[in-house]
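Undergrad: File name target_3.cif; file contents mmCIF, C-alpha atoms; full text below.
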```
data_upload
#
loop_
_atom_site.label_atom_id
_atom_site.label_comp_id
_atom_site.auth_asym_id
_atom_site.auth_seq_id
_atom_site.Cartn_x
_atom_site.Cartn_y
_atom_site.Cartn_z
CA MET U 743 -23.27 2.97 -55.05
CA LYS U 744 -20.50 0.55 -56.01
CA PHE U 745 -22.70 -2.46 -55.38
CA LYS U 746 -25.44 -1.15 -57.69
CA GLY U 747 -22.97 -0.38 -60.48
CA PHE U 748 -21.49 -3.83 -60.23
CA MET U 749 -24.93 -5.46 -60.47
CA ASN U 750 -25.91 -3.39 -63.51
CA PHE U 751 -22.69 -4.40 -65.23
CA PHE U 752 -23.39 -8.01 -64.35
CA LEU U 753 -26.95 -7.65 -65.71
CA LEU U 754 -25.70 -6.13 -68.98
CA CYS U 755 -23.25 -8.97 -69.49
CA PHE U 756 -25.97 -11.48 -68.78
CA LEU U 757 -28.41 -9.89 -71.22
CA THR U 758 -25.76 -9.63 -73.92
CA THR U 759 -24.92 -13.28 -73.54
CA SER U 760 -28.57 -14.19 -73.46
CA TYR U 761 -29.31 -12.12 -76.57
CA SER U 762 -26.44 -13.63 -78.53
CA SER U 763 -27.90 -17.03 -77.97
CA VAL U 764 -31.57 -16.15 -78.68
CA ALA U 765 -31.66 -18.06 -81.83
CA GLU U 766 -29.93 -21.05 -80.34
CA GLU U 767 -32.11 -21.21 -77.22
CA SER U 768 -35.23 -19.98 -78.97
CA ILE U 769 -35.79 -17.38 -76.15
CA THR U 770 -38.36 -14.80 -77.08
CA LEU U 771 -38.12 -11.09 -76.37
CA GLU U 772 -40.97 -11.37 -73.88
CA GLU U 773 -39.10 -13.98 -71.86
CA LEU U 774 -36.04 -11.74 -71.74
CA LYS U 775 -38.16 -8.91 -70.35
CA ILE U 776 -39.50 -11.24 -67.64
CA GLN U 777 -35.97 -12.35 -66.66
CA PHE U 778 -34.84 -8.75 -66.63
CA GLY U 779 -37.66 -7.82 -64.26
CA VAL U 780 -36.83 -10.70 -61.92
CA LEU U 781 -33.19 -9.65 -61.79
CA GLN U 782 -34.13 -6.05 -61.07
CA LYS U 783 -36.24 -7.18 -58.11
CA LYS U 784 -33.37 -9.28 -56.76
CA ILE U 785 -30.98 -6.33 -57.11
CA ALA U 786 -33.40 -4.06 -55.25
CA GLN U 787 -33.79 -6.65 -52.51
CA LEU U 788 -30.02 -7.04 -52.13
CA GLU U 789 -29.58 -3.26 -51.99
CA LYS U 790 -32.28 -2.98 -49.33
CA GLN U 791 -30.68 -5.74 -47.27
CA GLN U 792 -27.24 -4.14 -47.52
CA LEU U 793 -28.64 -0.77 -46.44
CA ALA U 794 -30.39 -2.38 -43.47
CA ASN U 795 -27.17 -4.10 -42.41
CA THR U 796 -25.23 -0.84 -42.67
CA GLU U 797 -27.81 1.04 -40.59
CA SER U 798 -27.89 -1.76 -38.01
CA GLN U 799 -24.11 -1.66 -37.64
CA ALA U 800 -24.14 2.12 -37.32
CA LYS U 801 -26.89 1.94 -34.72
CA ALA U 802 -25.00 -0.68 -32.70
CA LYS U 803 -21.85 1.40 -32.83
CA ARG U 804 -23.71 4.50 -31.63
CA ALA U 805 -25.22 2.47 -28.78
CA GLN U 806 -21.76 1.19 -27.80
CA VAL U 807 -20.38 4.74 -27.74
CA VAL U 808 -23.30 5.84 -25.55
CA ARG U 809 -22.69 2.98 -23.13
CA GLU U 810 -18.96 3.70 -22.93
CA ASN U 811 -19.60 7.41 -22.31
CA LYS U 812 -22.11 6.54 -19.60
CA ILE U 813 -19.67 4.19 -17.86
CA ALA U 814 -16.90 6.80 -18.09
CA ALA U 815 -19.21 9.45 -16.66
CA GLU U 816 -20.28 7.20 -13.78
CA THR U 817 -16.65 6.30 -13.05
CA ALA U 818 -15.64 9.94 -13.12
CA LYS U 819 -18.34 10.73 -10.57
CA LYS U 820 -17.01 8.08 -8.14
CA THR U 821 -14.18 10.21 -6.83
CA ASN U 822 -14.98 9.60 -3.15
CA SER U 823 -14.00 6.47 -1.24
CA LEU U 824 -14.59 4.92 2.17
CA LYS U 825 -12.51 2.10 3.60
CA VAL U 826 -13.14 0.12 6.78
CA TYR U 827 -10.45 -2.31 7.90
CA GLY U 828 -9.27 -4.34 10.84
CA THR U 829 -6.67 -6.91 11.86
CA LEU U 830 -6.66 -9.31 14.85
CA ARG U 831 -3.26 -10.72 15.89
CA PRO U 832 -3.36 -12.92 19.00
CA THR U 833 -0.27 -14.91 20.03
CA PHE U 834 0.45 -17.67 22.54
CA GLY U 835 3.99 -18.04 23.75
CA TYR U 836 6.37 -19.73 26.15
CA ILE U 837 8.59 -17.02 27.64
CA ASP U 838 11.89 -17.33 29.49
CA GLU U 839 13.14 -14.16 31.20
CA GLY U 840 16.01 -14.37 33.64
CA GLY U 841 15.41 -18.06 34.24
CA GLU U 842 11.75 -17.55 35.09
CA THR U 843 9.36 -19.12 32.61
CA GLN U 844 5.71 -18.55 31.87
CA ALA U 845 3.09 -19.18 29.20
CA ASP U 846 1.07 -16.19 28.12
CA VAL U 847 -1.50 -15.01 25.59
CA ARG U 848 -0.45 -11.69 24.11
CA ASP U 849 -1.42 -9.33 21.31
CA ALA U 850 0.69 -8.30 18.32
CA LEU U 851 -0.87 -4.86 17.73
CA SER U 852 -4.43 -5.71 16.68
CA HIS U 853 -6.35 -2.65 15.48
CA ILE U 854 -9.30 -1.36 13.48
CA GLY U 855 -9.62 1.74 11.33
CA VAL U 856 -11.63 3.83 8.91
CA LYS U 857 -10.33 6.01 6.07
CA ALA U 858 -12.40 8.33 3.87
CA THR U 859 -11.29 10.45 0.92
CA SER U 860 -13.45 13.10 -0.78
CA GLU U 861 -12.64 15.16 -3.86
CA ILE U 862 -12.84 18.95 -3.62
CA ASP U 863 -11.77 19.86 -7.15
CA GLN U 864 -9.60 18.49 -9.93
CA GLY U 865 -6.46 17.19 -8.20
CA TRP U 866 -7.63 18.35 -4.76
CA SER U 867 -9.11 16.10 -2.06
CA THR U 868 -9.33 15.62 1.70
CA THR U 869 -8.62 12.49 3.76
CA LEU U 870 -9.96 11.50 7.17
CA HIS U 871 -8.14 8.63 8.88
CA GLY U 872 -8.78 7.10 12.28
CA GLU U 873 -7.19 3.95 13.71
CA TRP U 874 -7.50 2.44 17.20
CA GLY U 875 -5.75 -0.47 18.90
CA ILE U 876 -7.39 -3.60 20.33
CA ASP U 877 -5.55 -5.34 23.17
CA LEU U 878 -6.43 -9.04 22.96
CA SER U 879 -4.17 -9.83 25.93
CA ASN U 880 -6.24 -7.73 28.35
CA ASN U 881 -9.98 -8.35 28.07
CA ALA U 882 -9.85 -7.38 24.39
CA ASP U 883 -9.99 -3.75 25.45
CA PHE U 884 -10.60 -1.10 22.82
CA GLY U 885 -7.22 0.58 23.00
CA LYS U 886 -5.91 4.07 22.51
CA ALA U 887 -5.73 5.85 19.17
CA ARG U 888 -2.86 4.88 16.90
CA GLN U 889 -3.47 7.59 14.31
CA VAL U 890 -6.27 10.12 13.89
CA TYR U 891 -5.79 12.98 11.43
CA VAL U 892 -7.22 14.99 8.56
CA ALA U 893 -5.19 15.68 5.41
CA LEU U 894 -5.46 18.00 2.42
CA ASN U 895 -4.16 16.46 -0.81
CA SER U 896 -3.15 18.71 -3.72
CA PRO U 897 -0.78 18.77 -6.72
CA MET U 898 1.68 20.59 -4.45
CA GLY U 899 1.72 17.80 -1.86
CA THR U 900 -0.19 16.61 1.21
CA VAL U 901 -0.58 18.49 4.48
CA ALA U 902 -1.98 16.61 7.50
CA ILE U 903 -2.75 17.51 11.12
CA GLY U 904 -3.31 15.07 13.98
CA LYS U 905 -1.79 11.90 15.42
CA GLN U 906 0.24 10.25 12.66
CA ARG U 907 3.17 8.08 11.70
CA PRO U 908 6.32 10.25 11.77
CA VAL U 909 8.86 10.41 8.96
CA GLN U 910 11.21 8.24 11.00
CA TYR U 911 8.89 5.26 10.95
CA SER U 912 7.56 5.78 7.41
CA PHE U 913 11.03 5.91 5.82
CA ILE U 914 13.19 3.81 8.19
CA ALA U 915 11.34 1.41 10.49
CA GLU U 916 8.52 0.33 8.20
CA TYR U 917 10.87 -1.55 5.88
CA VAL U 918 12.44 -3.68 8.61
CA ASP U 919 9.16 -4.06 10.52
CA ILE U 920 8.14 -7.37 8.92
CA PHE U 921 7.78 -9.65 11.96
CA ASP U 922 4.69 -10.86 13.84
CA HIS U 923 5.59 -9.30 17.16
CA ALA U 924 4.49 -6.15 18.99
CA ASN U 925 8.10 -5.06 19.61
CA SER U 926 9.29 -5.26 16.00
CA PRO U 927 11.59 -3.82 14.78
CA TYR U 928 13.42 -4.81 17.93
CA ALA U 929 16.32 -2.34 18.14
CA TYR U 930 14.28 0.55 16.74
CA ASP U 931 11.50 -0.19 19.22
CA ALA U 932 13.68 0.50 22.28
CA GLU U 933 13.71 4.32 22.06
CA SER U 934 12.20 5.42 18.76
CA VAL U 935 8.92 6.93 17.63
CA PHE U 936 5.96 5.01 16.14
CA PHE U 937 2.99 7.41 16.43
CA VAL U 938 3.21 11.08 17.38
CA ASP U 939 0.47 13.30 18.85
CA ASN U 940 -0.25 16.86 17.71
CA LEU U 941 1.77 16.41 14.54
CA LEU U 942 1.83 18.63 11.46
CA THR U 943 3.21 16.87 8.37
CA TYR U 944 3.97 17.69 4.75
CA LYS U 945 4.61 15.12 2.01
CA TYR U 946 5.49 15.68 -1.62
CA LYS U 947 6.15 12.96 -4.20
CA TYR U 948 7.72 13.47 -7.62
CA ASN U 949 8.32 10.41 -9.79
CA HIS U 950 10.50 8.09 -7.66
CA PHE U 951 11.41 10.74 -5.05
CA THR U 952 9.50 11.55 -1.86
CA TRP U 953 10.15 14.39 0.58
CA MET U 954 8.57 14.49 4.04
CA ALA U 955 8.68 16.96 6.91
CA ALA U 956 6.97 16.79 10.31
CA ALA U 957 6.82 18.90 13.45
CA GLN U 958 5.08 18.36 16.77
CA PHE U 959 3.38 21.25 18.56
CA ASN U 960 2.33 20.23 22.06
CA GLY U 961 2.35 23.61 23.79
CA ASP U 962 2.96 23.40 27.53
CA ASN U 963 1.52 19.91 27.88
CA GLY U 964 3.99 17.92 25.83
CA ASP U 965 4.93 14.29 26.18
CA ASN U 966 8.32 12.67 25.66
CA TYR U 967 8.24 13.64 22.01
CA SER U 968 7.27 17.31 22.40
CA ASP U 969 8.77 19.90 20.08
CA LEU U 970 9.80 17.25 17.60
CA VAL U 971 11.10 17.99 14.10
CA ASN U 972 11.54 15.14 11.61
CA LEU U 973 12.76 15.45 8.00
CA GLY U 974 13.30 12.74 5.40
CA PHE U 975 14.02 12.00 1.77
CA SER U 976 13.51 8.70 -0.06
CA TYR U 977 13.95 7.11 -3.46
CA ASP U 978 11.67 4.23 -4.49
CA ASP U 979 11.83 2.37 -7.79
CA LYS U 980 10.23 -1.04 -8.33
CA GLY U 981 11.61 -3.18 -5.47
CA LEU U 982 14.21 -0.65 -4.25
CA HIS U 983 13.84 1.70 -1.27
CA ALA U 984 16.58 4.05 -0.08
CA ALA U 985 16.07 6.80 2.48
CA VAL U 986 17.82 9.19 4.87
CA THR U 987 16.19 11.08 7.76
CA TYR U 988 16.95 13.61 10.48
CA LEU U 989 15.10 13.81 13.81
CA THR U 990 15.47 16.21 16.73
CA GLN U 991 13.28 16.19 19.83
CA ASP U 992 13.21 17.43 23.40
CA ALA U 993 14.38 15.02 26.09
CA ASN U 994 12.15 15.08 29.17
CA PHE U 995 12.54 13.72 32.67
CA ASN U 996 9.68 14.02 35.19
CA GLY U 997 8.06 16.66 32.99
CA ASN U 998 11.20 18.78 32.73
CA THR U 999 13.29 19.33 29.62
CA ILE U 1000 16.83 18.08 30.25
CA GLY U 1001 18.21 18.48 26.74
CA ASP U 1002 17.50 17.09 23.30
CA ASP U 1003 18.15 14.03 21.16
CA GLU U 1004 19.33 14.08 17.55
CA VAL U 1005 18.98 11.08 15.28
CA TYR U 1006 20.56 10.59 11.86
CA ALA U 1007 19.19 7.52 10.11
CA GLY U 1008 19.26 5.60 6.86
CA ALA U 1009 17.44 2.63 5.34
CA LEU U 1010 18.02 0.40 2.36
CA ALA U 1011 15.66 -2.34 1.18
CA TYR U 1012 15.22 -4.43 -1.94
CA ASP U 1013 12.55 -6.91 -2.98
CA PHE U 1014 14.13 -9.35 -5.46
CA ASP U 1015 12.22 -11.11 -8.23
CA ASN U 1016 13.20 -14.55 -6.86
CA GLY U 1017 11.18 -14.05 -3.63
CA LEU U 1018 14.05 -12.74 -1.47
CA TYR U 1019 13.59 -9.54 0.53
CA LEU U 1020 16.40 -7.73 2.38
CA ALA U 1021 16.19 -4.58 4.48
CA LEU U 1022 18.56 -2.63 6.74
CA GLY U 1023 17.64 0.21 9.08
CA TYR U 1024 20.29 2.17 11.00
CA GLN U 1025 20.02 5.11 13.44
CA ASP U 1026 22.82 7.09 15.05
CA LYS U 1027 21.45 8.80 18.16
CA GLU U 1028 23.15 11.68 19.98
CA TYR U 1029 21.91 12.26 23.54
CA GLN U 1030 22.67 15.94 24.21
CA ARG U 1031 22.11 17.09 27.79
CA GLU U 1032 22.00 20.60 29.23
CA ASN U 1033 24.96 20.19 31.57
CA GLY U 1034 27.04 18.51 28.86
CA GLU U 1035 28.47 15.96 31.23
CA ALA U 1036 25.92 13.27 30.39
CA ASP U 1037 26.23 13.56 26.59
CA ARG U 1038 26.49 10.20 24.86
CA ASN U 1039 26.06 8.45 21.52
CA GLY U 1040 23.95 5.37 20.82
CA HIS U 1041 22.61 3.50 17.84
CA THR U 1042 20.03 1.04 16.55
CA VAL U 1043 20.59 -1.59 13.86
CA ASP U 1044 17.80 -3.75 12.41
CA LEU U 1045 18.48 -6.23 9.64
CA SER U 1046 15.51 -8.14 8.22
CA ALA U 1047 15.25 -10.84 5.56
CA ALA U 1048 12.39 -12.85 4.13
CA TYR U 1049 12.25 -15.61 1.55
CA TRP U 1050 9.37 -17.57 0.02
CA LEU U 1051 10.12 -21.25 0.54
CA ALA U 1052 7.01 -22.25 -1.40
CA LYS U 1053 3.79 -20.66 -2.61
CA ASN U 1054 2.28 -20.35 0.89
CA TYR U 1055 5.35 -20.57 3.15
CA ARG U 1056 7.76 -17.79 4.02
CA LEU U 1057 10.85 -17.78 6.23
CA LYS U 1058 11.83 -14.56 8.02
CA LEU U 1059 15.13 -13.85 9.75
CA GLY U 1060 16.23 -10.83 11.74
CA TYR U 1061 19.27 -9.49 13.56
CA PHE U 1062 19.22 -6.42 15.80
CA ASP U 1063 21.59 -4.42 17.99
CA PHE U 1064 20.75 -1.56 20.35
CA SER U 1065 23.09 0.74 22.29
CA ASP U 1066 22.07 3.65 24.51
CA GLY U 1067 25.64 4.92 24.85
CA ILE U 1068 25.86 4.33 28.59
CA ASP U 1069 29.14 2.64 29.56
CA HIS U 1070 28.26 1.39 33.05
CA ASN U 1071 25.85 -1.08 34.60
CA LEU U 1072 22.82 1.14 33.96
CA SER U 1073 23.15 0.47 30.27
CA ARG U 1074 20.26 -1.33 28.57
CA ASP U 1075 22.34 -2.44 25.58
CA PHE U 1076 21.29 -5.65 23.89
CA ASP U 1077 21.46 -7.59 20.67
CA GLY U 1078 19.66 -10.66 19.37
CA PHE U 1079 17.95 -12.46 16.53
CA ASN U 1080 14.55 -13.60 15.39
CA THR U 1081 13.42 -16.57 13.30
CA THR U 1082 9.86 -16.84 12.00
CA LEU U 1083 8.12 -19.38 9.78
CA GLU U 1084 4.84 -18.23 8.24
CA TRP U 1085 2.07 -20.20 6.60
CA ILE U 1086 -0.18 -17.96 4.48
CA PRO U 1087 -3.05 -20.03 3.05
CA LYS U 1088 -4.94 -16.87 2.05
CA PRO U 1089 -3.78 -13.28 1.52
CA TRP U 1090 -5.87 -12.21 4.52
CA LEU U 1091 -4.93 -15.11 6.82
CA ARG U 1092 -1.53 -15.83 8.36
CA PHE U 1093 -0.17 -18.32 10.91
CA HIS U 1094 3.33 -18.07 12.34
CA LEU U 1095 5.85 -19.86 14.53
CA GLU U 1096 8.47 -17.53 16.01
CA TYR U 1097 11.61 -17.82 18.12
CA LEU U 1098 13.00 -14.59 19.58
CA LYS U 1099 16.24 -14.17 21.56
CA ARG U 1100 17.52 -10.97 23.22
CA ASP U 1101 20.85 -10.86 25.08
CA PHE U 1102 21.26 -7.89 27.46
CA GLU U 1103 24.58 -6.69 28.82
CA ASN U 1104 23.27 -5.76 32.27
CA LEU U 1105 19.69 -7.06 32.38
CA ASP U 1106 18.16 -10.53 32.32
CA ASP U 1107 18.19 -12.19 28.93
CA PHE U 1108 14.89 -12.80 27.20
CA SER U 1109 13.70 -15.55 24.87
CA SER U 1110 10.31 -16.69 23.66
CA LEU U 1111 8.79 -19.36 21.47
CA SER U 1112 5.33 -18.43 20.23
CA ILE U 1113 2.62 -19.25 17.75
CA GLY U 1114 0.18 -16.71 16.43
CA PHE U 1115 -2.59 -15.85 14.05
CA ARG U 1116 -3.30 -12.83 11.91
CA TYR U 1117 -6.68 -12.23 10.32
CA ASP U 1118 -7.05 -9.11 8.14
CA PHE U 1119 -10.27 -7.57 6.91
CA ALA U 1120 -10.82 -4.64 4.54
CA LYS U 1121 -13.80 -3.30 2.60
CA GLN U 1122 -13.76 -0.26 0.34
CA TRP U 1123 -16.60 1.60 -1.36
CA GLN U 1124 -16.50 4.14 -4.21
CA TYR U 1125 -19.24 6.75 -4.43
#
```
Write the structure described by the file as C-alpha cells, please.

TA:
Amino acid sequence: MKFKGFMNFFLLCFLTTSYSSVAEESITLEELKIQFGVLQKKIAQLEKQQLANTESQAKAKRAQVVRENKIAAETAKKTNSLKVYGTLRPTFGYIDEGGETQADVRDALSHIGVKATSEIDQGWSTTLHGEWGIDLSNNADFGKARQVYVALNSPMGTVAIGKQRPVQYSFIAEYVDIFDHANSPYAYDAESVFFVDNLLTYKYKYNHFTWMAAAQFNGDNGDNYSDLVNLGFSYDDKGLHAAVTYLTQDANFNGNTIGDDEVYAGALAYDFDNGLYLALGYQDKEYQRENGEADRNGHTVDLSAAYWLAKNYRLKLGYFDFSDGIDHNLSRDFDGFNTTLEWIPKPWLRFHLEYLKRDFENLDDFSSLSIGFRYDFAKQWQY
C-alpha cells in the first residue's frame, strides 16, 4: 500500500535523525523503542481509518447504483398511461343578424374525454380514446361523441378505427383554428369535415415528415361524408408546419348520392421566437355532379395571426373568405374578420373579448361582440 510505504519511509527518516542526535539529546535506546512503538500504533490506526473510509465509499456507491437501477426498473414498468381531461367554454354575446339584435349565452365546444394507452410489446401499444361534447347553451346537455376510437401503435405507424379527426382537419384546419368560437375556422367551418364516423386511419411519422391516410366505410347507412377518402403529407420542424392534402367524398341530397366533391388543400404556419404566430389554410373545392350541368368550383381561405402583447395578454386576428361556386342569389358566399383579446392568468384559465364580422353576398350580415371563459382540466397517471 502506498500509504504504508510512505509512513515507513517517514519513520526511518525520523529514527535516523533521532539516532544522530542521541548524544546531543541524551535519548536512550529504550526511549527510542518506546517512540517507535507509539508511531507504529499511529500508523496502524491511520491505515485502519483509511480502509474504513474506502469501504464506506464503496458501500455508498453500491447503494447508489442499486437505487438507480430500482428507479430505472420502476420507470420501465410504467409503460401504461391514463388521462382524464375536460374543458368548459361558455360565452355571452351581443349578436346582430340582419338588423335584429339579441343577447345570448352560448357554448364554444366544451367537452370531456378519457385516453388510455397500454404497451403490448417493445414499440407496440394500443390506445383507447373517447371524447364527448357538453352544450352549456342548452341545459348543459351531455352532447354527442366527438371522437371514439381504438388505435394500434407500432414502429410501422398507427392504425385506428372509429370516429376520429380526419386528415383534413389535422393537417389544415387545426393550425388556423385558434379562436374562442364554435365556428372557427370560419371559412373552413362552412362545408368542411371536423369529425368523421366509421373512419379507418393510418399515420406514419419519420423525423420531420408525417403521412396520413383515412377512409370512411359507412355501408348503406352513410351520412353526408360517406365513402370518404382523405390523404395528406406534412413537414414539421420547430415552429414550422407545411402540409398538402387531398379529399374526395360522396355528395348526398335527401339520402341520395348526387355526385362527389374533391378538395385540394394546403396549409402553412410558423411560430416565431418573438411571440408572433401566423397561419394560412386554403382549400380548392370542386363540386362534381352526376348530370355535369351543376358542376362548380369553390374555395375556403382562413388566415390567422396571434401575438403576445405581454406575459399574460395575447391579441388574435383573423381574415376568412368562403365561396361555394354558385353565381346566383342562392350563393352563400361570405368573407369577414375576427379580433380577439385574451387574458391568460394561468395556463389552464383563459378569458377573452371577441368581435366577429361576417358579410354575406345574398344573406343577412352577421356580427357579434362576446366575452367568454375557458377552463381546462387534465390529469394523467402512469402505471

Undergrad: Could you jot down the CA of Asn811 (chain U) to CA of Glu861 (chain U) separation for me, Å, one decimal place?

TA: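 That distance, rounded to one decimal, is 21.2 Å.
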
Undergrad: Enter the distance from CA of Met954 (chain U) to CA of Asn822 (chain U), in Å, rounded to one decimal.

TA: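 One can read the CA of Met954 (chain U) to CA of Asn822 (chain U) distance as 25.1 Å.
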
Undergrad: Would you list the contacts of region 923-938 of chain U as JSON, numbers by chain, taking every protein, DNA or RNA residue within 6 Å and counting only C-alpha atoms, but skipping same-chain residues closer than 5 positions in sequence?

TA: {"U": [850, 851, 905, 906, 907, 911, 1042, 1062, 1063, 1064]}

Undergrad: For this structure, which residues satisfy the selection - the PyMOL selection byres ((chain U and resi 1104-1109) around 7) - when it is evaluated on the file as given? I want them as number ranges by chain.

TA: U: 837-840, 1071, 1073-1074, 1098-1103, 1110

Undergrad: Given all atoms listed in the file as the basis, pick out the residue of U:Asn998, U:Asp992, U:Leu1045, U:Ile876 nearest to Tyr1029 (chain U).

TA: U:Asp992

Undergrad: On this structure, which residues satisfy the PyMOL selection byres ((chain U and resi 1113) around 9), written as a VMD selection string?

TA: chain U and resid 832 to 835 1093 to 1096 1111 to 1112 1114 to 1115

Undergrad: Name the residues in contact with region 983-987 of chain U at a cut-off of 12 Å, using only C-alpha atoms, excluding same-chain residues fewer than 5 positions from it; report them as a PDB file with C-alpha atoms, in the coordinates of the input.

TA:
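File result_39.pdb, as written:
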```pdb
ATOM      1  CA  PRO U 908       6.320  10.250  11.770  1.00  0.00           C
ATOM      2  CA  VAL U 909       8.860  10.410   8.960  1.00  0.00           C
ATOM      3  CA  GLN U 910      11.210   8.240  11.000  1.00  0.00           C
ATOM      4  CA  TYR U 911       8.890   5.260  10.950  1.00  0.00           C
ATOM      5  CA  SER U 912       7.560   5.780   7.410  1.00  0.00           C
ATOM      6  CA  PHE U 913      11.030   5.910   5.820  1.00  0.00           C
ATOM      7  CA  ILE U 914      13.190   3.810   8.190  1.00  0.00           C
ATOM      8  CA  ALA U 915      11.340   1.410  10.490  1.00  0.00           C
ATOM      9  CA  GLU U 916       8.520   0.330   8.200  1.00  0.00           C
ATOM     10  CA  TYR U 917      10.870  -1.550   5.880  1.00  0.00           C
ATOM     11  CA  VAL U 918      12.440  -3.680   8.610  1.00  0.00           C
ATOM     12  CA  HIS U 950      10.500   8.090  -7.660  1.00  0.00           C
ATOM     13  CA  PHE U 951      11.410  10.740  -5.050  1.00  0.00           C
ATOM     14  CA  THR U 952       9.500  11.550  -1.860  1.00  0.00           C
ATOM     15  CA  TRP U 953      10.150  14.390   0.580  1.00  0.00           C
ATOM     16  CA  MET U 954       8.570  14.490   4.040  1.00  0.00           C
ATOM     17  CA  ALA U 955       8.680  16.960   6.910  1.00  0.00           C
ATOM     18  CA  ALA U 956       6.970  16.790  10.310  1.00  0.00           C
ATOM     19  CA  VAL U 971      11.100  17.990  14.100  1.00  0.00           C
ATOM     20  CA  ASN U 972      11.540  15.140  11.610  1.00  0.00           C
ATOM     21  CA  LEU U 973      12.760  15.450   8.000  1.00  0.00           C
ATOM     22  CA  GLY U 974      13.300  12.740   5.400  1.00  0.00           C
ATOM     23  CA  PHE U 975      14.020  12.000   1.770  1.00  0.00           C
ATOM     24  CA  SER U 976      13.510   8.700  -0.060  1.00  0.00           C
ATOM     25  CA  TYR U 977      13.950   7.110  -3.460  1.00  0.00           C
ATOM     26  CA  ASP U 978      11.670   4.230  -4.490  1.00  0.00           C
ATOM     27  CA  GLU U1004      19.330  14.080  17.550  1.00  0.00           C
ATOM     28  CA  VAL U1005      18.980  11.080  15.280  1.00  0.00           C
ATOM     29  CA  TYR U1006      20.560  10.590  11.860  1.00  0.00           C
ATOM     30  CA  ALA U1007      19.190   7.520  10.110  1.00  0.00           C
ATOM     31  CA  GLY U1008      19.260   5.600   6.860  1.00  0.00           C
ATOM     32  CA  ALA U1009      17.440   2.630   5.340  1.00  0.00           C
ATOM     33  CA  LEU U1010      18.020   0.400   2.360  1.00  0.00           C
ATOM     34  CA  ALA U1011      15.660  -2.340   1.180  1.00  0.00           C
ATOM     35  CA  TYR U1012      15.220  -4.430  -1.940  1.00  0.00           C
ATOM     36  CA  ASP U1013      12.550  -6.910  -2.980  1.00  0.00           C
ATOM     37  CA  PHE U1014      14.130  -9.350  -5.460  1.00  0.00           C
ATOM     38  CA  TYR U1019      13.590  -9.540   0.530  1.00  0.00           C
ATOM     39  CA  LEU U1020      16.400  -7.730   2.380  1.00  0.00           C
ATOM     40  CA  ALA U1021      16.190  -4.580   4.480  1.00  0.00           C
ATOM     41  CA  LEU U1022      18.560  -2.630   6.740  1.00  0.00           C
ATOM     42  CA  GLY U1023      17.640   0.210   9.080  1.00  0.00           C
ATOM     43  CA  TYR U1024      20.290   2.170  11.000  1.00  0.00           C
ATOM     44  CA  GLN U1025      20.020   5.110  13.440  1.00  0.00           C
ATOM     45  CA  ASP U1026      22.820   7.090  15.050  1.00  0.00           C
ATOM     46  CA  LYS U1027      21.450   8.800  18.160  1.00  0.00           C
TER      47      LYS U1027
END
```
